[in-house]
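Dropping target-v1.pdb in here (PDB, C-alpha atoms, pLDDT in the B column):
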```pdb
ATOM      1  CA  MET A  13       0.000   0.000   0.000  1.00 93.00           C
ATOM      2  CA  LEU A  14       1.269   3.460  -0.900  1.00 95.00           C
ATOM      3  CA  ILE A  15       1.218   6.530   1.321  1.00 97.00           C
ATOM      4  CA  ILE A  16       0.813   9.472  -1.067  1.00 98.00           C
ATOM      5  CA  PRO A  17       1.472  13.095  -0.045  1.00 97.00           C
ATOM      6  CA  ALA A  18      -0.896  15.689  -1.455  1.00 96.00           C
ATOM      7  CA  ILE A  19      -0.254  19.116  -2.893  1.00 96.00           C
ATOM      8  CA  ASP A  20      -3.342  21.265  -3.448  1.00 94.00           C
ATOM      9  CA  LEU A  21      -2.791  24.296  -5.664  1.00 96.00           C
ATOM     10  CA  LYS A  22      -4.640  27.577  -5.283  1.00 94.00           C
ATOM     11  CA  ASP A  23      -3.409  30.680  -7.097  1.00 93.00           C
ATOM     12  CA  GLY A  24      -0.017  29.020  -7.615  1.00 94.00           C
ATOM     13  CA  GLN A  25       0.481  28.259  -3.927  1.00 94.00           C
ATOM     14  CA  CYS A  26       0.451  25.016  -1.931  1.00 92.00           C
ATOM     15  CA  VAL A  27      -2.584  25.153   0.340  1.00 92.00           C
ATOM     16  CA  ARG A  28      -4.915  22.949   2.356  1.00 79.00           C
ATOM     17  CA  LEU A  29      -8.649  23.520   2.577  1.00 76.00           C
ATOM     18  CA  PHE A  30     -11.051  22.675   5.375  1.00 69.00           C
ATOM     19  CA  GLN A  31     -13.814  20.380   4.081  1.00 62.00           C
ATOM     20  CA  GLY A  32     -13.301  21.658   0.550  1.00 60.00           C
ATOM     21  CA  ASP A  33     -14.147  25.283   1.373  1.00 68.00           C
ATOM     22  CA  MET A  34     -12.020  27.600  -0.779  1.00 71.00           C
ATOM     23  CA  THR A  35     -12.508  30.412   1.723  1.00 70.00           C
ATOM     24  CA  GLN A  36     -11.003  28.314   4.520  1.00 73.00           C
ATOM     25  CA  HIS A  37      -7.490  27.657   3.333  1.00 79.00           C
ATOM     26  CA  THR A  38      -4.005  27.678   4.823  1.00 85.00           C
ATOM     27  CA  VAL A  39      -0.971  28.492   2.660  1.00 89.00           C
ATOM     28  CA  TYR A  40       2.001  26.194   3.271  1.00 90.00           C
ATOM     29  CA  SER A  41       4.356  27.173   0.458  1.00 91.00           C
ATOM     30  CA  ASP A  42       4.834  29.576  -2.431  1.00 94.00           C
ATOM     31  CA  ASP A  43       7.124  27.087  -4.197  1.00 97.00           C
ATOM     32  CA  PRO A  44       5.235  23.970  -5.386  1.00 97.00           C
ATOM     33  CA  GLY A  45       8.332  22.502  -7.026  1.00 97.00           C
ATOM     34  CA  ALA A  46      10.349  22.678  -3.822  1.00 97.00           C
ATOM     35  CA  MET A  47       7.470  21.187  -1.822  1.00 96.00           C
ATOM     36  CA  ALA A  48       7.160  18.307  -4.262  1.00 97.00           C
ATOM     37  CA  SER A  49      10.893  17.654  -4.095  1.00 97.00           C
ATOM     38  CA  HIS A  50      10.689  17.644  -0.296  1.00 96.00           C
ATOM     39  CA  TRP A  51       8.206  14.773  -0.251  1.00 96.00           C
ATOM     40  CA  GLN A  52      10.196  12.810  -2.797  1.00 97.00           C
ATOM     41  CA  LYS A  53      13.336  13.116  -0.672  1.00 96.00           C
ATOM     42  CA  LEU A  54      11.409  11.759   2.322  1.00 94.00           C
ATOM     43  CA  GLY A  55      10.490   8.615   0.418  1.00 95.00           C
ATOM     44  CA  ALA A  56       7.312   9.359  -1.521  1.00 97.00           C
ATOM     45  CA  GLU A  57       6.786   6.989  -4.441  1.00 97.00           C
ATOM     46  CA  ARG A  58       3.909   8.976  -5.933  1.00 98.00           C
ATOM     47  CA  LEU A  59       2.555  12.515  -5.545  1.00 98.00           C
ATOM     48  CA  HIS A  60      -1.087  13.590  -5.548  1.00 98.00           C
ATOM     49  CA  VAL A  61      -1.743  17.053  -7.006  1.00 97.00           C
ATOM     50  CA  VAL A  62      -5.043  18.926  -7.298  1.00 94.00           C
ATOM     51  CA  ASP A  63      -5.636  22.136  -9.219  1.00 95.00           C
ATOM     52  CA  LEU A  64      -8.255  23.615  -6.888  1.00 92.00           C
ATOM     53  CA  ASN A  65      -8.902  26.654  -9.056  1.00 92.00           C
ATOM     54  CA  GLY A  66      -9.302  24.342 -12.022  1.00 91.00           C
ATOM     55  CA  ALA A  67     -11.833  22.189 -10.194  1.00 85.00           C
ATOM     56  CA  PHE A  68     -14.089  25.201  -9.682  1.00 84.00           C
ATOM     57  CA  ALA A  69     -13.417  26.783 -13.088  1.00 85.00           C
ATOM     58  CA  GLY A  70     -13.850  23.546 -15.043  1.00 85.00           C
ATOM     59  CA  GLN A  71     -10.550  24.053 -16.842  1.00 89.00           C
ATOM     60  CA  PRO A  72      -6.838  24.057 -15.959  1.00 90.00           C
ATOM     61  CA  VAL A  73      -5.625  27.123 -14.053  1.00 91.00           C
ATOM     62  CA  ASN A  74      -2.361  26.320 -12.259  1.00 94.00           C
ATOM     63  CA  ASP A  75      -0.323  25.129 -15.248  1.00 94.00           C
ATOM     64  CA  ALA A  76       2.894  26.889 -14.234  1.00 95.00           C
ATOM     65  CA  ALA A  77       2.869  25.342 -10.765  1.00 96.00           C
ATOM     66  CA  ILE A  78       2.071  21.908 -12.190  1.00 97.00           C
ATOM     67  CA  ALA A  79       4.949  22.160 -14.664  1.00 96.00           C
ATOM     68  CA  ALA A  80       7.293  23.130 -11.818  1.00 97.00           C
ATOM     69  CA  ILE A  81       6.222  20.080  -9.830  1.00 97.00           C
ATOM     70  CA  VAL A  82       6.729  17.660 -12.714  1.00 97.00           C
ATOM     71  CA  SER A  83      10.157  19.059 -13.566  1.00 97.00           C
ATOM     72  CA  ALA A  84      11.280  18.721  -9.932  1.00 97.00           C
ATOM     73  CA  LEU A  85      10.411  15.018  -9.642  1.00 97.00           C
ATOM     74  CA  THR A  86      11.373  11.582 -10.876  1.00 98.00           C
ATOM     75  CA  ILE A  87       8.408   9.856  -9.182  1.00 98.00           C
ATOM     76  CA  PRO A  88       4.943   9.625 -10.810  1.00 98.00           C
ATOM     77  CA  VAL A  89       2.430  12.444 -10.366  1.00 98.00           C
ATOM     78  CA  GLN A  90      -1.322  11.965 -10.384  1.00 98.00           C
ATOM     79  CA  LEU A  91      -3.277  15.121 -11.158  1.00 98.00           C
ATOM     80  CA  GLY A  92      -6.898  16.180 -10.815  1.00 95.00           C
ATOM     81  CA  GLY A  93      -8.920  19.369 -11.013  1.00 92.00           C
ATOM     82  CA  GLY A  94     -10.529  20.888 -14.105  1.00 90.00           C
ATOM     83  CA  ILE A  95      -9.786  18.000 -16.455  1.00 94.00           C
ATOM     84  CA  ARG A  96     -12.842  17.865 -18.694  1.00 94.00           C
ATOM     85  CA  THR A  97     -11.606  17.120 -22.244  1.00 96.00           C
ATOM     86  CA  LEU A  98      -9.406  14.648 -24.085  1.00 97.00           C
ATOM     87  CA  ALA A  99      -7.293  17.554 -25.317  1.00 96.00           C
ATOM     88  CA  THR A 100      -6.518  18.564 -21.730  1.00 96.00           C
ATOM     89  CA  MET A 101      -5.651  14.976 -20.888  1.00 97.00           C
ATOM     90  CA  GLU A 102      -3.279  14.688 -23.837  1.00 97.00           C
ATOM     91  CA  ARG A 103      -1.583  17.958 -22.903  1.00 95.00           C
ATOM     92  CA  TYR A 104      -1.029  16.935 -19.285  1.00 97.00           C
ATOM     93  CA  LEU A 105       0.288  13.516 -20.260  1.00 97.00           C
ATOM     94  CA  SER A 106       2.719  15.131 -22.697  1.00 96.00           C
ATOM     95  CA  LEU A 107       3.849  17.412 -19.871  1.00 94.00           C
ATOM     96  CA  GLY A 108       4.884  14.366 -17.864  1.00 96.00           C
ATOM     97  CA  ILE A 109       1.866  13.686 -15.642  1.00 98.00           C
ATOM     98  CA  GLN A 110       1.658   9.922 -15.114  1.00 98.00           C
ATOM     99  CA  ARG A 111      -2.002   9.577 -14.139  1.00 98.00           C
ATOM    100  CA  LEU A 112      -5.081  11.776 -14.516  1.00 98.00           C
ATOM    101  CA  ILE A 113      -7.924  12.005 -12.018  1.00 97.00           C
ATOM    102  CA  LEU A 114     -11.380  12.542 -13.495  1.00 96.00           C
ATOM    103  CA  GLY A 115     -14.006  13.694 -11.020  1.00 91.00           C
ATOM    104  CA  THR A 116     -16.836  15.951 -12.188  1.00 89.00           C
ATOM    105  CA  VAL A 117     -16.639  14.645 -15.736  1.00 92.00           C
ATOM    106  CA  ALA A 118     -16.907  11.050 -14.476  1.00 93.00           C
ATOM    107  CA  CYS A 119     -20.307  11.913 -13.071  1.00 90.00           C
ATOM    108  CA  ARG A 120     -21.533  14.024 -15.973  1.00 91.00           C
ATOM    109  CA  ASP A 121     -19.961  12.293 -18.970  1.00 94.00           C
ATOM    110  CA  PRO A 122     -19.080   8.657 -18.176  1.00 93.00           C
ATOM    111  CA  GLN A 123     -18.577   7.907 -21.871  1.00 95.00           C
ATOM    112  CA  LEU A 124     -15.664  10.339 -21.914  1.00 96.00           C
ATOM    113  CA  VAL A 125     -14.065   8.397 -19.061  1.00 96.00           C
ATOM    114  CA  GLN A 126     -14.481   5.160 -20.996  1.00 96.00           C
ATOM    115  CA  GLU A 127     -12.896   6.737 -24.078  1.00 97.00           C
ATOM    116  CA  ALA A 128     -10.027   8.116 -21.986  1.00 98.00           C
ATOM    117  CA  CYS A 129      -9.397   4.660 -20.508  1.00 98.00           C
ATOM    118  CA  ARG A 130      -9.264   3.247 -24.027  1.00 97.00           C
ATOM    119  CA  LEU A 131      -6.876   5.897 -25.306  1.00 98.00           C
ATOM    120  CA  PHE A 132      -4.701   6.090 -22.187  1.00 98.00           C
ATOM    121  CA  PRO A 133      -4.713   2.629 -20.570  1.00 97.00           C
ATOM    122  CA  ASP A 134      -3.646   2.399 -16.903  1.00 96.00           C
ATOM    123  CA  ARG A 135      -3.425   6.190 -16.676  1.00 98.00           C
ATOM    124  CA  ILE A 136      -6.975   7.172 -15.733  1.00 98.00           C
ATOM    125  CA  LEU A 137      -8.220   7.379 -12.150  1.00 98.00           C
ATOM    126  CA  VAL A 138     -11.730   8.339 -11.097  1.00 98.00           C
ATOM    127  CA  GLY A 139     -12.054  10.686  -8.142  1.00 96.00           C
ATOM    128  CA  ILE A 140     -15.232  10.138  -6.138  1.00 95.00           C
ATOM    129  CA  ASP A 141     -15.835  12.810  -3.528  1.00 91.00           C
ATOM    130  CA  ALA A 142     -18.817  12.214  -1.251  1.00 92.00           C
ATOM    131  CA  ARG A 143     -20.780  14.161   1.311  1.00 89.00           C
ATOM    132  CA  ASP A 144     -22.842  11.809   3.497  1.00 87.00           C
ATOM    133  CA  GLY A 145     -22.466   9.162   0.808  1.00 87.00           C
ATOM    134  CA  TRP A 146     -23.672  11.359  -2.078  1.00 92.00           C
ATOM    135  CA  VAL A 147     -21.270  12.330  -4.861  1.00 93.00           C
ATOM    136  CA  ALA A 148     -20.210  15.991  -4.938  1.00 89.00           C
ATOM    137  CA  VAL A 149     -18.836  17.680  -8.067  1.00 85.00           C
ATOM    138  CA  GLN A 150     -17.568  21.026  -9.353  1.00 75.00           C
ATOM    139  CA  GLY A 151     -14.981  21.443  -6.625  1.00 64.00           C
ATOM    140  CA  TRP A 152     -17.418  19.920  -4.103  1.00 66.00           C
ATOM    141  CA  ALA A 153     -19.745  22.891  -4.567  1.00 70.00           C
ATOM    142  CA  GLU A 154     -22.610  20.756  -5.929  1.00 80.00           C
ATOM    143  CA  VAL A 155     -23.979  17.571  -4.335  1.00 87.00           C
ATOM    144  CA  THR A 156     -25.648  15.164  -6.769  1.00 89.00           C
ATOM    145  CA  ASN A 157     -28.301  12.473  -6.291  1.00 90.00           C
ATOM    146  CA  ILE A 158     -25.808   9.705  -7.111  1.00 93.00           C
ATOM    147  CA  ARG A 159     -24.393   7.434  -4.441  1.00 95.00           C
ATOM    148  CA  ALA A 160     -20.626   6.958  -4.360  1.00 95.00           C
ATOM    149  CA  VAL A 161     -20.878   3.179  -4.706  1.00 95.00           C
ATOM    150  CA  GLU A 162     -23.275   3.516  -7.637  1.00 95.00           C
ATOM    151  CA  LEU A 163     -20.882   5.805  -9.499  1.00 95.00           C
ATOM    152  CA  ALA A 164     -17.938   3.495  -8.864  1.00 95.00           C
ATOM    153  CA  GLN A 165     -19.845   0.491 -10.164  1.00 95.00           C
ATOM    154  CA  ARG A 166     -20.569   2.294 -13.445  1.00 93.00           C
ATOM    155  CA  PHE A 167     -16.871   2.006 -14.286  1.00 95.00           C
ATOM    156  CA  ALA A 168     -16.430  -1.651 -13.342  1.00 89.00           C
ATOM    157  CA  GLU A 169     -15.484  -2.666 -16.895  1.00 90.00           C
ATOM    158  CA  ALA A 170     -14.110   0.639 -18.188  1.00 94.00           C
ATOM    159  CA  GLY A 171     -10.440   0.052 -17.410  1.00 96.00           C
ATOM    160  CA  VAL A 172     -10.113   2.639 -14.620  1.00 97.00           C
ATOM    161  CA  ALA A 173      -6.764   2.084 -12.899  1.00 97.00           C
ATOM    162  CA  GLU A 174      -7.857   3.187  -9.415  1.00 97.00           C
ATOM    163  CA  ILE A 175     -10.603   5.094  -7.650  1.00 97.00           C
ATOM    164  CA  ILE A 176      -9.801   7.847  -5.173  1.00 97.00           C
ATOM    165  CA  PHE A 177     -12.506   8.075  -2.536  1.00 96.00           C
ATOM    166  CA  THR A 178     -12.732  11.217  -0.414  1.00 92.00           C
ATOM    167  CA  ASP A 179     -15.142  11.778   2.442  1.00 90.00           C
ATOM    168  CA  ILE A 180     -15.535  15.555   2.255  1.00 87.00           C
ATOM    169  CA  ALA A 181     -16.512  15.905   5.912  1.00 80.00           C
ATOM    170  CA  ARG A 182     -13.176  14.378   6.919  1.00 78.00           C
ATOM    171  CA  ASP A 183     -10.970  16.301   4.465  1.00 69.00           C
ATOM    172  CA  GLY A 184      -8.645  18.692   6.261  1.00 64.00           C
ATOM    173  CA  ALA A 185     -10.474  18.134   9.542  1.00 61.00           C
ATOM    174  CA  LEU A 186      -7.865  15.816  11.142  1.00 69.00           C
ATOM    175  CA  GLN A 187     -10.667  13.729  12.649  1.00 77.00           C
ATOM    176  CA  GLY A 188      -9.605  10.367  11.269  1.00 88.00           C
ATOM    177  CA  PRO A 189     -10.473   8.809   7.906  1.00 94.00           C
ATOM    178  CA  ASN A 190     -13.805   7.222   7.050  1.00 94.00           C
ATOM    179  CA  VAL A 191     -12.384   3.722   6.891  1.00 94.00           C
ATOM    180  CA  ALA A 192     -15.795   2.039   7.014  1.00 94.00           C
ATOM    181  CA  ALA A 193     -17.109   3.860   3.931  1.00 94.00           C
ATOM    182  CA  THR A 194     -13.843   3.337   2.045  1.00 95.00           C
ATOM    183  CA  ARG A 195     -13.842  -0.365   2.828  1.00 95.00           C
ATOM    184  CA  ALA A 196     -17.514  -0.689   1.824  1.00 94.00           C
ATOM    185  CA  LEU A 197     -16.690   0.903  -1.522  1.00 95.00           C
ATOM    186  CA  ALA A 198     -13.689  -1.373  -2.050  1.00 96.00           C
ATOM    187  CA  GLU A 199     -15.810  -4.417  -1.197  1.00 95.00           C
ATOM    188  CA  ALA A 200     -18.396  -3.442  -3.814  1.00 95.00           C
ATOM    189  CA  ILE A 201     -16.018  -3.203  -6.798  1.00 95.00           C
ATOM    190  CA  THR A 202     -12.923  -4.832  -8.264  1.00 95.00           C
ATOM    191  CA  ILE A 203     -11.092  -1.561  -8.911  1.00 96.00           C
ATOM    192  CA  PRO A 204      -8.455  -0.688  -6.271  1.00 96.00           C
ATOM    193  CA  VAL A 205      -9.475   2.211  -4.008  1.00 97.00           C
ATOM    194  CA  ILE A 206      -7.246   4.955  -2.616  1.00 97.00           C
ATOM    195  CA  LEU A 207      -8.465   6.466   0.660  1.00 96.00           C
ATOM    196  CA  SER A 208      -8.368  10.248   0.997  1.00 94.00           C
ATOM    197  CA  GLY A 209      -9.410  12.625   3.762  1.00 89.00           C
ATOM    198  CA  GLY A 210      -9.060  12.677   7.527  1.00 91.00           C
ATOM    199  CA  ILE A 211      -5.644  11.134   8.160  1.00 94.00           C
ATOM    200  CA  SER A 212      -4.392  12.751  11.370  1.00 93.00           C
ATOM    201  CA  SER A 213      -1.675  10.460  12.728  1.00 95.00           C
ATOM    202  CA  LEU A 214       0.359   7.305  12.234  1.00 96.00           C
ATOM    203  CA  ALA A 215      -2.358   5.454  14.159  1.00 96.00           C
ATOM    204  CA  ASP A 216      -4.822   6.342  11.383  1.00 96.00           C
ATOM    205  CA  VAL A 217      -2.413   4.987   8.774  1.00 96.00           C
ATOM    206  CA  LEU A 218      -2.023   1.745  10.724  1.00 96.00           C
ATOM    207  CA  HIS A 219      -5.813   1.434  10.984  1.00 95.00           C
ATOM    208  CA  VAL A 220      -6.121   1.645   7.191  1.00 95.00           C
ATOM    209  CA  LEU A 221      -3.329  -0.907   6.784  1.00 95.00           C
ATOM    210  CA  GLU A 222      -5.473  -3.380   8.684  1.00 93.00           C
ATOM    211  CA  GLN A 223      -8.108  -3.222   5.910  1.00 90.00           C
ATOM    212  CA  PRO A 224      -6.151  -3.816   2.681  1.00 83.00           C
ATOM    213  CA  GLY A 225      -8.136  -6.661   1.059  1.00 87.00           C
ATOM    214  CA  PRO A 226      -8.582  -8.153  -1.439  1.00 92.00           C
ATOM    215  CA  TYR A 227     -12.187  -8.635  -0.436  1.00 92.00           C
ATOM    216  CA  ALA A 228     -14.784 -11.090  -1.722  1.00 85.00           C
ATOM    217  CA  ASN A 229     -15.290  -9.230  -5.013  1.00 84.00           C
ATOM    218  CA  GLY A 230     -11.569  -8.677  -5.519  1.00 88.00           C
ATOM    219  CA  GLY A 231     -11.439  -5.023  -4.481  1.00 91.00           C
ATOM    220  CA  ARG A 232      -8.842  -3.640  -2.106  1.00 96.00           C
ATOM    221  CA  ILE A 233      -7.531  -0.450  -0.555  1.00 96.00           C
ATOM    222  CA  SER A 234      -4.345   0.310  -2.484  1.00 96.00           C
ATOM    223  CA  GLY A 235      -3.224   3.653  -1.089  1.00 96.00           C
ATOM    224  CA  ILE A 236      -3.635   6.494   1.386  1.00 97.00           C
ATOM    225  CA  ILE A 237      -3.531  10.180   0.473  1.00 96.00           C
ATOM    226  CA  THR A 238      -2.569  12.581   3.233  1.00 94.00           C
ATOM    227  CA  GLY A 239      -2.051  16.321   3.310  1.00 92.00           C
ATOM    228  CA  LYS A 240      -2.851  18.488   6.310  1.00 89.00           C
ATOM    229  CA  ALA A 241      -1.445  16.035   8.862  1.00 92.00           C
ATOM    230  CA  LEU A 242       1.891  16.198   7.063  1.00 93.00           C
ATOM    231  CA  TYR A 243       1.955  19.971   6.794  1.00 92.00           C
ATOM    232  CA  ASP A 244       0.944  20.427  10.423  1.00 90.00           C
ATOM    233  CA  GLY A 245       3.607  17.993  11.611  1.00 93.00           C
ATOM    234  CA  ARG A 246       1.112  15.513  13.067  1.00 94.00           C
ATOM    235  CA  LEU A 247       2.243  12.677  10.810  1.00 95.00           C
ATOM    236  CA  ASP A 248       5.867  11.588  10.402  1.00 96.00           C
ATOM    237  CA  PHE A 249       5.957  10.834   6.696  1.00 96.00           C
ATOM    238  CA  ALA A 250       9.092   8.674   6.841  1.00 94.00           C
ATOM    239  CA  ALA A 251       7.483   6.545   9.562  1.00 95.00           C
ATOM    240  CA  ALA A 252       4.311   6.244   7.490  1.00 96.00           C
ATOM    241  CA  VAL A 253       6.315   5.134   4.437  1.00 96.00           C
ATOM    242  CA  THR A 254       8.046   2.469   6.509  1.00 95.00           C
ATOM    243  CA  ALA A 255       4.727   1.237   7.925  1.00 94.00           C
ATOM    244  CA  CYS A 256       3.168   0.987   4.461  1.00 92.00           C
ATOM    245  CA  LYS A 257       6.142  -0.925   3.064  1.00 89.00           C
ATOM    246  CA  GLN A 258       5.911  -3.382   5.934  1.00 87.00           C
ATOM    247  CA  GLY A 259       2.197  -3.771   5.311  1.00 76.00           C
TER     248      GLY A 259
END
```

Encoded form (structure tokens):
Amino acid sequence: MLIIPAIDLKDGQCVRLFQGDMTQHTVYSDDPGAMASHWQKLGAERLHVVDLNGAFAGQPVNDAAIAAIVSALTIPVQLGGGIRTLATMERYLSLGIQRLILGTVACRDPQLVQEACRLFPDRILVGIDARDGWVAVQGWAEVTNIRAVELAQRFAEAGVAEIIFTDIARDGALQGPNVAATRALAEAITIPVILSGGISSLADVLHVLEQPGPYANGGRISGIITGKALYDGRLDFAAAVTACKQG
């Protein structure tokens, strides 16, 4: 299982939001490239990046910061936020992004996700962000009438590499991850699931490691994304990497 540090970009800066609220953000760095390099030096094997402005705008916004991150790293980068077209996907992949996270468009245009999986095999992830179990889109500003599990099951045969599941209420709140909901999702599908939101300590990481799967249907929890706990010094990233490697 991978432990994946997160960099959220707002106006070119590295920030963390509280429960997805753009007005409640803390700036941690003005140098995204240096921050990315920092996590790589501490043992990160993959980096999670979100263009927050892009998620709300529906199109890429923080291109300069994203380019700086990619050029600073040798490890893979997975990127989400504002990716709505095949042209945008092609551009990001040519820039050096390893995997693309499709969120809003997965809910609104599932056929585009299927086409992306066909064109870019093993490089498409679906981001499912939920509030009380219901999928939220457009930078979490709009809650739909689709259940998270239902949306995940729509892509069972599409070729999605992984699903990133975020419980919005836990994101940035340092209250512990929603392990039960993440496990339930992983048990319902065969696609590996990455847990996101709520990690506050090494104890939380160890709790997730107790639930890896595979489960009856073949699904499993394949990774953990963490952000605020790292930036606030609550989680020792090197210790978390060691724990994940030991399983």

Next on the checklist: Show me, as a list of chain:residue names, the residues that have an atom within 10 Å of Thr116 (chain A) when counting only C-alpha atoms, minus same-chain residues fewer than 5 positions from it.
Outcome noted: A:Ala67, A:Phe68, A:Gly70, A:Gly93, A:Gly94, A:Ile95, A:Arg96, A:Asp121, A:Pro122, A:Val138, A:Gly139, A:Ile140, A:Asp141, A:Val147, A:Ala148, A:Val149, A:Gln150, A:Gly151, A:Trp152, A:Glu154

Checklist entry - Distance CA of Ile237 (chain A)-CA of Asp216 (chain A), one decimal place? => result 11.6 Å

Next on the checklist: List as a PyMOL selection string the protein and nucleic acid residues near region 191-199 of chain A, meaning an atom at most 10 Å away when only C-alpha atoms are counted, but skip any in the same chain fewer than 5 places from it.
Outcome noted: chain A and resi 142+144-145+160-162+164-165+175-179+204-210+216+219-220+223-234

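Residue membership of the PyMOL selection byres ((chain A and resi 60) around 8) in the shown file amounts to Ile16, Pro17, Ala18, Ile19, Arg58, Leu59, Val61, Val62, Val89, Gln90, Leu91 and Ile237 of chain A.
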
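Straight-line separation from CA of Val73 (chain A) to CA of Ile136 (chain A): 20.1 Å.
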
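Separating CA of Gln123 (chain A) from CA of Ala173 (chain A) is a distance of 15.9 Å.
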
Item to check | Nearby residues, (-12.4, -5.9, -11.8) file frame, 7 Å, only C-alpha atoms, as JSON, numbers by chain | outcome: {"A": [168, 169, 201, 202, 203, 230]}

Might I get the box with edges along x, y and z of the file that holds all atoms of region 34-40 of chain A listed there, padded by 3 Å on every side, given as centre and edge lengths in Å to one decimal, as lines of an AutoDock Vina configuration file?
```
center_x = -5.3
center_y = 28.3
center_z = 2.0
size_x = 20.5
size_y = 10.2
size_z = 11.6
```

Checklist entry - Taking (10.2, 10.8, 4.3) in the file's coordinates, which residues come within 8 Å, counting all atoms listed in the file, written as a list in words? => result Trp51, Gln52, Lys53, Leu54, Gly55, Ala56, Asp248, Phe249, Ala250, Ala251 and Val253 of chain A

Residues returned when the PyMOL selection byres ((chain A and resi 85) around 10) runs on this file, as a PDB file with C-alpha atoms, in the coordinates of the input:
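File written: selection21.pdb
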```pdb
ATOM      1  CA  GLY A  45       8.332  22.502  -7.026  1.00 97.00           C
ATOM      2  CA  ALA A  46      10.349  22.678  -3.822  1.00 97.00           C
ATOM      3  CA  ALA A  48       7.160  18.307  -4.262  1.00 97.00           C
ATOM      4  CA  SER A  49      10.893  17.654  -4.095  1.00 97.00           C
ATOM      5  CA  HIS A  50      10.689  17.644  -0.296  1.00 96.00           C
ATOM      6  CA  TRP A  51       8.206  14.773  -0.251  1.00 96.00           C
ATOM      7  CA  GLN A  52      10.196  12.810  -2.797  1.00 97.00           C
ATOM      8  CA  LYS A  53      13.336  13.116  -0.672  1.00 96.00           C
ATOM      9  CA  ARG A  58       3.909   8.976  -5.933  1.00 98.00           C
ATOM     10  CA  LEU A  59       2.555  12.515  -5.545  1.00 98.00           C
ATOM     11  CA  ALA A  80       7.293  23.130 -11.818  1.00 97.00           C
ATOM     12  CA  ILE A  81       6.222  20.080  -9.830  1.00 97.00           C
ATOM     13  CA  VAL A  82       6.729  17.660 -12.714  1.00 97.00           C
ATOM     14  CA  SER A  83      10.157  19.059 -13.566  1.00 97.00           C
ATOM     15  CA  ALA A  84      11.280  18.721  -9.932  1.00 97.00           C
ATOM     16  CA  THR A  86      11.373  11.582 -10.876  1.00 98.00           C
ATOM     17  CA  ILE A  87       8.408   9.856  -9.182  1.00 98.00           C
ATOM     18  CA  PRO A  88       4.943   9.625 -10.810  1.00 98.00           C
ATOM     19  CA  VAL A  89       2.430  12.444 -10.366  1.00 98.00           C
ATOM     20  CA  GLY A 108       4.884  14.366 -17.864  1.00 96.00           C
TER      21      GLY A 108
END
```

Item to check | Non-local contacts of Leu21 (chain A) (6 Å; all atoms listed in the file; under 3 positions in same chain excluded) as a list in words | outcome: Gly24, Gln25, Cys26, Asp63 and Leu64 of chain A

Next on the checklist: Can you translate the PyMOL selection byres ((chain A and resi 157) around 8) into the concrete residues it hits in this file, as a PyMOL selection string?
Outcome noted: chain A and resi 146-147+155-156+158-159

Checklist entry - Can you tell me, as a PyMOL selection string, what residues are no more than 8 Å from Ser213 (chain A) when counting all atoms listed in the file, ignoring any on the same chain fewer than 6 positions away? => result chain A and resi 241+246-248

Checklist outcome for this item: Counting all atoms listed in the file, the residue among A:Gln258, A:Leu163, A:Gln187, A:Gly171 that lies closest to Ala200 (chain A) is A:Leu163
